[in-house]
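protein_32.pdb (PDB, N, CA and C atoms)
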ATOM      1  N   MET A  10      14.784  22.016  20.038
ATOM      2  CA  MET A  10      13.452  21.635  19.636
ATOM      3  C   MET A  10      12.492  21.970  20.771
ATOM      4  N   THR A  11      11.317  22.465  20.441
ATOM      5  CA  THR A  11      10.369  22.869  21.462
ATOM      6  C   THR A  11       9.572  21.667  21.956
ATOM      7  N   GLU A  12       9.120  21.774  23.185
ATOM      8  CA  GLU A  12       8.340  20.709  23.788
ATOM      9  C   GLU A  12       6.958  20.664  23.155
ATOM     10  N   PRO A  13       6.443  19.462  22.854
ATOM     11  CA  PRO A  13       5.104  19.368  22.276
ATOM     12  C   PRO A  13       4.056  19.939  23.216
ATOM     13  N   SER A  14       3.023  20.511  22.657
ATOM     14  CA  SER A  14       1.935  21.073  23.444
ATOM     15  C   SER A  14       0.944  19.964  23.769
ATOM     16  N   LEU A  15       1.221  19.238  24.842
ATOM     17  CA  LEU A  15       0.358  18.137  25.256
ATOM     18  C   LEU A  15      -0.298  18.505  26.575
ATOM     19  N   LYS A  16      -1.618  18.451  26.615
ATOM     20  CA  LYS A  16      -2.358  18.916  27.773
ATOM     21  C   LYS A  16      -2.697  17.802  28.768
ATOM     22  N   THR A  17      -2.315  16.567  28.464
ATOM     23  CA  THR A  17      -2.639  15.461  29.360
ATOM     24  C   THR A  17      -1.392  14.974  30.081
ATOM     25  N   ASP A  18      -1.606  14.179  31.106
ATOM     26  CA  ASP A  18      -0.501  13.602  31.870
ATOM     27  C   ASP A  18      -0.500  12.084  31.768
ATOM     28  N   THR A  19      -0.862  11.567  30.602
ATOM     29  CA  THR A  19      -0.847  10.124  30.419
ATOM     30  C   THR A  19       0.589   9.645  30.247
ATOM     31  N   ARG A  20       0.798   8.364  30.384
ATOM     32  CA  ARG A  20       2.120   7.783  30.173
ATOM     33  C   ARG A  20       2.613   8.081  28.757
ATOM     34  N   GLN A  21       1.701   8.000  27.788
ATOM     35  CA  GLN A  21       2.059   8.281  26.397
ATOM     36  C   GLN A  21       2.481   9.745  26.220
ATOM     37  N   ALA A  22       1.749  10.669  26.813
ATOM     38  CA  ALA A  22       2.095  12.088  26.710
ATOM     39  C   ALA A  22       3.431  12.362  27.395
ATOM     40  N   ASP A  23       3.674  11.713  28.517
ATOM     41  CA  ASP A  23       4.966  11.874  29.199
ATOM     42  C   ASP A  23       6.112  11.390  28.322
ATOM     43  N   TRP A  24       5.921  10.239  27.642
ATOM     44  CA  TRP A  24       6.957   9.731  26.738
ATOM     45  C   TRP A  24       7.219  10.742  25.626
ATOM     46  N   ARG A  25       6.165  11.300  25.070
ATOM     47  CA  ARG A  25       6.309  12.274  23.986
ATOM     48  C   ARG A  25       7.073  13.502  24.445
ATOM     49  N   ARG A  26       6.829  13.966  25.646
ATOM     50  CA  ARG A  26       7.561  15.126  26.174
ATOM     51  C   ARG A  26       9.044  14.816  26.368
ATOM     52  N   ARG A  27       9.352  13.603  26.803
ATOM     53  CA  ARG A  27      10.746  13.212  27.048
ATOM     54  C   ARG A  27      11.498  12.869  25.768
ATOM     55  N   ASN A  28      10.783  12.543  24.698
ATOM     56  CA  ASN A  28      11.391  12.063  23.459
ATOM     57  C   ASN A  28      10.925  12.878  22.258
ATOM     58  N   VAL A  29      11.116  14.173  22.317
ATOM     59  CA  VAL A  29      10.600  15.069  21.281
ATOM     60  C   VAL A  29      11.117  14.706  19.884
ATOM     61  N   PRO A  30      12.426  14.466  19.682
ATOM     62  CA  PRO A  30      12.871  14.124  18.321
ATOM     63  C   PRO A  30      12.223  12.841  17.788
ATOM     64  N   LYS A  31      12.063  11.855  18.647
ATOM     65  CA  LYS A  31      11.425  10.606  18.220
ATOM     66  C   LYS A  31       9.960  10.846  17.874
ATOM     67  N   TYR A  32       9.272  11.568  18.734
ATOM     68  CA  TYR A  32       7.854  11.848  18.507
ATOM     69  C   TYR A  32       7.662  12.649  17.217
ATOM     70  N   THR A  33       8.504  13.634  17.001
ATOM     71  CA  THR A  33       8.427  14.445  15.788
ATOM     72  C   THR A  33       8.652  13.582  14.544
ATOM     73  N   ALA A  34       9.610  12.659  14.615
ATOM     74  CA  ALA A  34       9.880  11.765  13.489
ATOM     75  C   ALA A  34       8.687  10.840  13.230
ATOM     76  N   HIS A  35       8.064  10.344  14.290
ATOM     77  CA  HIS A  35       6.888   9.490  14.134
ATOM     78  C   HIS A  35       5.761  10.253  13.449
ATOM     79  N   LEU A  36       5.559  11.505  13.854
ATOM     80  CA  LEU A  36       4.520  12.325  13.214
ATOM     81  C   LEU A  36       4.833  12.562  11.746
ATOM     82  N   ALA A  37       6.106  12.779  11.430
ATOM     83  CA  ALA A  37       6.512  13.001  10.036
ATOM     84  C   ALA A  37       6.203  11.772   9.188
ATOM     85  N   VAL A  38       6.427  10.579   9.733
ATOM     86  CA  VAL A  38       6.112   9.347   9.001
ATOM     87  C   VAL A  38       4.604   9.249   8.772
ATOM     88  N   GLN A  39       3.819   9.529   9.791
ATOM     89  CA  GLN A  39       2.361   9.473   9.631
ATOM     90  C   GLN A  39       1.899  10.440   8.551
ATOM     91  N   ARG A  40       2.426  11.663   8.583
ATOM     92  CA  ARG A  40       2.061  12.661   7.561
ATOM     93  C   ARG A  40       2.546  12.241   6.180
ATOM     94  N   GLY A  41       3.777  11.725   6.109
ATOM     95  CA  GLY A  41       4.343  11.285   4.836
ATOM     96  C   GLY A  41       3.537  10.165   4.204
ATOM     97  N   LEU A  42       3.082   9.221   5.017
ATOM     98  CA  LEU A  42       2.241   8.144   4.503
ATOM     99  C   LEU A  42       0.919   8.690   3.984
ATOM    100  N   LYS A  43       0.321   9.588   4.746
ATOM    101  CA  LYS A  43      -0.977  10.159   4.359
ATOM    102  C   LYS A  43      -0.876  10.964   3.063
ATOM    103  N   ARG A  44       0.228  11.698   2.905
ATOM    104  CA  ARG A  44       0.425  12.542   1.716
ATOM    105  C   ARG A  44       0.988  11.780   0.523
ATOM    106  N   GLY A  45       1.389  10.541   0.729
ATOM    107  CA  GLY A  45       1.959   9.756  -0.356
ATOM    108  C   GLY A  45       3.437  10.039  -0.601
ATOM    109  N   GLU A  46       4.093  10.714   0.341
ATOM    110  CA  GLU A  46       5.526  11.012   0.205
ATOM    111  C   GLU A  46       6.376   9.770   0.446
ATOM    112  N   ILE A  47       5.858   8.846   1.244
ATOM    113  CA  ILE A  47       6.501   7.562   1.463
ATOM    114  C   ILE A  47       5.435   6.483   1.391
ATOM    115  N   THR A  48       5.863   5.260   1.127
ATOM    116  CA  THR A  48       4.944   4.135   0.999
ATOM    117  C   THR A  48       5.395   3.021   1.922
ATOM    118  N   ARG A  49       4.461   2.484   2.656
ATOM    119  CA  ARG A  49       4.776   1.359   3.545
ATOM    120  C   ARG A  49       5.264   0.195   2.696
ATOM    121  N   GLN A  50       6.328  -0.439   3.138
ATOM    122  CA  GLN A  50       6.933  -1.562   2.444
ATOM    123  C   GLN A  50       6.835  -2.811   3.315
ATOM    124  N   PRO A  51       7.022  -3.998   2.723
ATOM    125  CA  PRO A  51       7.072  -5.210   3.548
ATOM    126  C   PRO A  51       8.342  -5.226   4.395
ATOM    127  N   CYS A  52       8.362  -6.085   5.394
ATOM    128  CA  CYS A  52       9.525  -6.208   6.275
ATOM    129  C   CYS A  52      10.772  -6.527   5.456
ATOM    130  N   GLU A  53      11.827  -5.782   5.676
ATOM    131  CA  GLU A  53      13.062  -5.993   4.920
ATOM    132  C   GLU A  53      13.761  -7.293   5.310
ATOM    133  N   VAL A  54      13.345  -7.920   6.408
ATOM    134  CA  VAL A  54      13.969  -9.166   6.839
ATOM    135  C   VAL A  54      13.186 -10.369   6.332
ATOM    136  N   CYS A  55      11.874 -10.376   6.565
ATOM    137  CA  CYS A  55      11.081 -11.578   6.254
ATOM    138  C   CYS A  55       9.996 -11.360   5.202
ATOM    139  N   GLY A  56       9.738 -10.115   4.821
ATOM    140  CA  GLY A  56       8.730  -9.840   3.806
ATOM    141  C   GLY A  56       7.307  -9.737   4.316
ATOM    142  N   HIS A  57       7.097  -9.806   5.626
ATOM    143  CA  HIS A  57       5.744  -9.694   6.185
ATOM    144  C   HIS A  57       5.146  -8.353   5.775
ATOM    145  N   PRO A  58       3.880  -8.334   5.363
ATOM    146  CA  PRO A  58       3.288  -7.083   4.862
ATOM    147  C   PRO A  58       2.949  -6.039   5.927
ATOM    148  N   LYS A  59       2.724  -6.467   7.167
ATOM    149  CA  LYS A  59       2.364  -5.515   8.231
ATOM    150  C   LYS A  59       3.654  -5.051   8.914
ATOM    151  N   THR A  60       3.992  -3.757   8.783
ATOM    152  CA  THR A  60       5.286  -3.280   9.240
ATOM    153  C   THR A  60       5.201  -1.990  10.035
ATOM    154  N   ASP A  61       6.280  -1.741  10.783
ATOM    155  CA  ASP A  61       6.504  -0.498  11.514
ATOM    156  C   ASP A  61       7.655   0.232  10.825
ATOM    157  N   ALA A  62       7.645   1.541  10.923
ATOM    158  CA  ALA A  62       8.756   2.340  10.415
ATOM    159  C   ALA A  62       9.817   2.422  11.510
ATOM    160  N   HIS A  63      11.060   2.122  11.162
ATOM    161  CA  HIS A  63      12.177   2.229  12.105
ATOM    162  C   HIS A  63      13.114   3.324  11.620
ATOM    163  N   HIS A  64      13.459   4.231  12.519
ATOM    164  CA  HIS A  64      14.396   5.313  12.204
ATOM    165  C   HIS A  64      15.795   4.953  12.688
ATOM    166  N   ASP A  65      16.763   4.977  11.783
ATOM    167  CA  ASP A  65      18.162   4.873  12.188
ATOM    168  C   ASP A  65      18.670   6.253  12.582
ATOM    169  N   ASP A  66      18.034   7.304  12.035
ATOM    170  CA  ASP A  66      18.449   8.686  12.286
ATOM    171  C   ASP A  66      17.196   9.554  12.364
ATOM    172  N   TYR A  67      16.901  10.064  13.550
ATOM    173  CA  TYR A  67      15.698  10.882  13.731
ATOM    174  C   TYR A  67      15.795  12.243  13.042
ATOM    175  N   ASP A  68      16.997  12.638  12.640
ATOM    176  CA  ASP A  68      17.157  13.891  11.909
ATOM    177  C   ASP A  68      16.749  13.753  10.448
ATOM    178  N   ALA A  69      16.512  12.540   9.991
ATOM    179  CA  ALA A  69      16.021  12.268   8.636
ATOM    180  C   ALA A  69      14.711  11.494   8.785
ATOM    181  N   PRO A  70      13.633  12.176   9.177
ATOM    182  CA  PRO A  70      12.412  11.494   9.596
ATOM    183  C   PRO A  70      11.710  10.660   8.534
ATOM    184  N   LEU A  71      11.929  10.947   7.252
ATOM    185  CA  LEU A  71      11.258  10.152   6.222
ATOM    186  C   LEU A  71      12.152   9.052   5.668
ATOM    187  N   GLN A  72      13.355   8.928   6.189
ATOM    188  CA  GLN A  72      14.244   7.822   5.817
ATOM    189  C   GLN A  72      14.070   6.740   6.866
ATOM    190  N   VAL A  73      13.262   5.749   6.538
ATOM    191  CA  VAL A  73      12.930   4.703   7.495
ATOM    192  C   VAL A  73      13.212   3.329   6.909
ATOM    193  N   ARG A  74      13.322   2.369   7.790
ATOM    194  CA  ARG A  74      13.410   0.964   7.422
ATOM    195  C   ARG A  74      12.093   0.339   7.836
ATOM    196  N   TRP A  75      11.538  -0.497   6.983
ATOM    197  CA  TRP A  75      10.263  -1.126   7.285
ATOM    198  C   TRP A  75      10.519  -2.515   7.858
ATOM    199  N   LEU A  76      10.057  -2.732   9.089
ATOM    200  CA  LEU A  76      10.258  -3.988   9.789
ATOM    201  C   LEU A  76       8.951  -4.450  10.416
ATOM    202  N   CYS A  77       8.700  -5.764  10.371
ATOM    203  CA  CYS A  77       7.533  -6.290  11.074
ATOM    204  C   CYS A  77       7.774  -6.087  12.568
ATOM    205  N   ARG A  78       6.747  -6.221  13.353
ATOM    206  CA  ARG A  78       6.861  -5.974  14.791
ATOM    207  C   ARG A  78       7.931  -6.874  15.431
ATOM    208  N   GLN A  79       7.977  -8.140  15.022
ATOM    209  CA  GLN A  79       8.956  -9.072  15.586
ATOM    210  C   GLN A  79      10.388  -8.588  15.320
ATOM    211  N   HIS A  80      10.678  -8.215  14.085
ATOM    212  CA  HIS A  80      12.043  -7.802  13.756
ATOM    213  C   HIS A  80      12.358  -6.401  14.276
ATOM    214  N   HIS A  81      11.362  -5.544  14.369
ATOM    215  CA  HIS A  81      11.577  -4.220  14.945
ATOM    216  C   HIS A  81      11.955  -4.357  16.424
ATOM    217  N   THR A  82      11.232  -5.212  17.134
ATOM    218  CA  THR A  82      11.534  -5.447  18.551
ATOM    219  C   THR A  82      12.912  -6.069  18.710
ATOM    220  N   ARG A  83      13.243  -7.038  17.872
ATOM    221  CA  ARG A  83      14.569  -7.664  17.941
ATOM    222  C   ARG A  83      15.677  -6.654  17.690
ATOM    223  N   LEU A  84      15.470  -5.771  16.735
ATOM    224  CA  LEU A  84      16.484  -4.762  16.434
ATOM    225  C   LEU A  84      16.733  -3.881  17.656
ATOM    226  N   HIS A  85      15.669  -3.457  18.317
ATOM    227  CA  HIS A  85      15.822  -2.597  19.489
ATOM    228  C   HIS A  85      16.396  -3.341  20.695
ATOM    229  N   ASN A  86      16.127  -4.629  20.786
ATOM    230  CA  ASN A  86      16.597  -5.393  21.931
ATOM    231  C   ASN A  86      17.993  -5.976  21.773
ATOM    232  N   GLY A  87      18.463  -6.123  20.543
ATOM    233  CA  GLY A  87      19.759  -6.779  20.421
ATOM    234  C   GLY A  87      20.560  -6.460  19.189
ATOM    235  N   GLY A  88      20.025  -5.701  18.286
ATOM    236  CA  GLY A  88      20.784  -5.323  17.109
ATOM    237  C   GLY A  88      20.538  -6.224  15.917
ATOM    238  N   GLU A  89      21.106  -5.814  14.796
ATOM    239  CA  GLU A  89      20.872  -6.501  13.532
ATOM    240  C   GLU A  89      21.489  -7.882  13.464
ATOM    241  N   ASP A  90      22.490  -8.166  14.282
ATOM    242  CA  ASP A  90      23.104  -9.485  14.233
ATOM    243  C   ASP A  90      22.086 -10.576  14.559
ATOM    244  N   LEU A  91      20.981 -10.223  15.195
ATOM    245  CA  LEU A  91      19.936 -11.203  15.485
ATOM    246  C   LEU A  91      19.179 -11.621  14.227
ATOM    247  N   PHE A  92      19.291 -10.860  13.140
ATOM    248  CA  PHE A  92      18.568 -11.188  11.922
ATOM    249  C   PHE A  92      19.218 -12.328  11.163
ATOM    250  N   ALA A  93      20.482 -12.617  11.387
ATOM    251  CA  ALA A  93      21.161 -13.698  10.668
ATOM    252  C   ALA A  93      20.479 -15.033  10.969
ATOM    253  N   GLY A  94      20.078 -15.722   9.929
ATOM    254  CA  GLY A  94      19.456 -17.024  10.088
ATOM    255  C   GLY A  94      18.000 -16.982  10.487
ATOM    256  N   VAL A  95      17.411 -15.801  10.624
ATOM    257  CA  VAL A  95      16.006 -15.669  11.011
ATOM    258  C   VAL A  95      15.151 -15.541   9.761
ATOM    259  N   CYS A  96      14.060 -16.286   9.729
ATOM    260  CA  CYS A  96      13.087 -16.205   8.633
ATOM    261  C   CYS A  96      13.742 -16.438   7.268
ATOM    262  N   GLY A  97      14.728 -17.283   7.207
ATOM    263  CA  GLY A  97      15.343 -17.608   5.929
ATOM    264  C   GLY A  97      16.381 -16.614   5.466
ATOM    265  N   ARG A  98      16.680 -15.591   6.247
ATOM    266  CA  ARG A  98      17.681 -14.603   5.824
ATOM    267  C   ARG A  98      19.027 -14.992   6.427
ATOM    268  N   ASP A  99      20.029 -15.192   5.602
ATOM    269  CA  ASP A  99      21.369 -15.553   6.090
ATOM    270  C   ASP A  99      22.389 -14.523   5.703
TER     271      ASP A  99
END
Rendering of file as structure tokens:
Amino acid sequence: MTEPSLKTDTRQADWRRRNVPKYTAHLAVQRGLKRGEITRQPCEVCGHPKTDAHHDDYDAPLQVRWLCRQHHTRLHNGGEDLFAGVCGRD
């Protein structure tokens, strides 16, 4: 995969250069939402309407799980086992 053409040296641009597959997948989600190819869903754990797209596989950029910020952060910090018993989900 080619390096993104980023002309700045911000922390965000540096992250994008180091994480090209992730950045490309994020862009695909943004485009997919705009084009109507995918639709934002409520959090799959608690049903909160404001969600982030989570990729289990960056090679399938439009296959995402919709998680609220709290559950998205928990997933990245400790895995799905943290969802048991949270927000009424057992």
- Task: Name the residues of range 16-80 of chain A that fall into strand (DSSP E or B) according to DSSP on the backbone, using the chain letters and numbers of this document, as a list in words.
- Result: Asp61, Ala62, His63, His64, Val73, Arg74, Trp75 and Leu76 of chain A
Go ahead and dump the residues you just picked, N, CA and C atoms, as a short mmCIF file (atom, residue, chain, number, x, y, z; two decimals), keeping the file's coordinate frame.
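The resulting part38.cif:
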data_model
loop_
_atom_site.label_atom_id
_atom_site.label_comp_id
_atom_site.auth_asym_id
_atom_site.auth_seq_id
_atom_site.Cartn_x
_atom_site.Cartn_y
_atom_site.Cartn_z
N ASP A 61 6.28 -1.74 10.78
CA ASP A 61 6.50 -0.50 11.51
C ASP A 61 7.66 0.23 10.82
N ALA A 62 7.64 1.54 10.92
CA ALA A 62 8.76 2.34 10.42
C ALA A 62 9.82 2.42 11.51
N HIS A 63 11.06 2.12 11.16
CA HIS A 63 12.18 2.23 12.10
C HIS A 63 13.11 3.32 11.62
N HIS A 64 13.46 4.23 12.52
CA HIS A 64 14.40 5.31 12.20
C HIS A 64 15.80 4.95 12.69
N VAL A 73 13.26 5.75 6.54
CA VAL A 73 12.93 4.70 7.50
C VAL A 73 13.21 3.33 6.91
N ARG A 74 13.32 2.37 7.79
CA ARG A 74 13.41 0.96 7.42
C ARG A 74 12.09 0.34 7.84
N TRP A 75 11.54 -0.50 6.98
CA TRP A 75 10.26 -1.13 7.28
C TRP A 75 10.52 -2.52 7.86
N LEU A 76 10.06 -2.73 9.09
CA LEU A 76 10.26 -3.99 9.79
C LEU A 76 8.95 -4.45 10.42
#
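On the file presented, the PyMOL selection byres (((chain A and resi 52-69 and name CA) around 7) and name CA) picks out Pro30, Lys31, Ala34, Gln50, Pro51, Pro70, Leu71, Gln72, Val73, Arg74, Trp75, Leu76, Cys77, Arg78, Cys96 and Arg98 of chain A.
Put simply, CA of Gly87 in chain A is 26.1 Å away from CA of Gln39 in chain A.
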- Would you mind reading off the distance between atom N of Thr48 in chain A and atom C of Leu36 in chain A, one decimal, in Å? 12.9 Å
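Pairwise distance (CA of Gln79 in chain A, CA of Val38 in chain A) equals 19.8 Å.
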Please enclose the listed atoms of range 54-68 of chain A in an axis-aligned box, pad each side by 5 Å, and write out the centre and the three edge lengths in Å, rounded to one decimal, as AutoDock Vina command-line options.
--center_x 10.5 --center_y 1.2 --center_z 8.8 --size_x 26.3 --size_y 35.5 --size_z 19.9
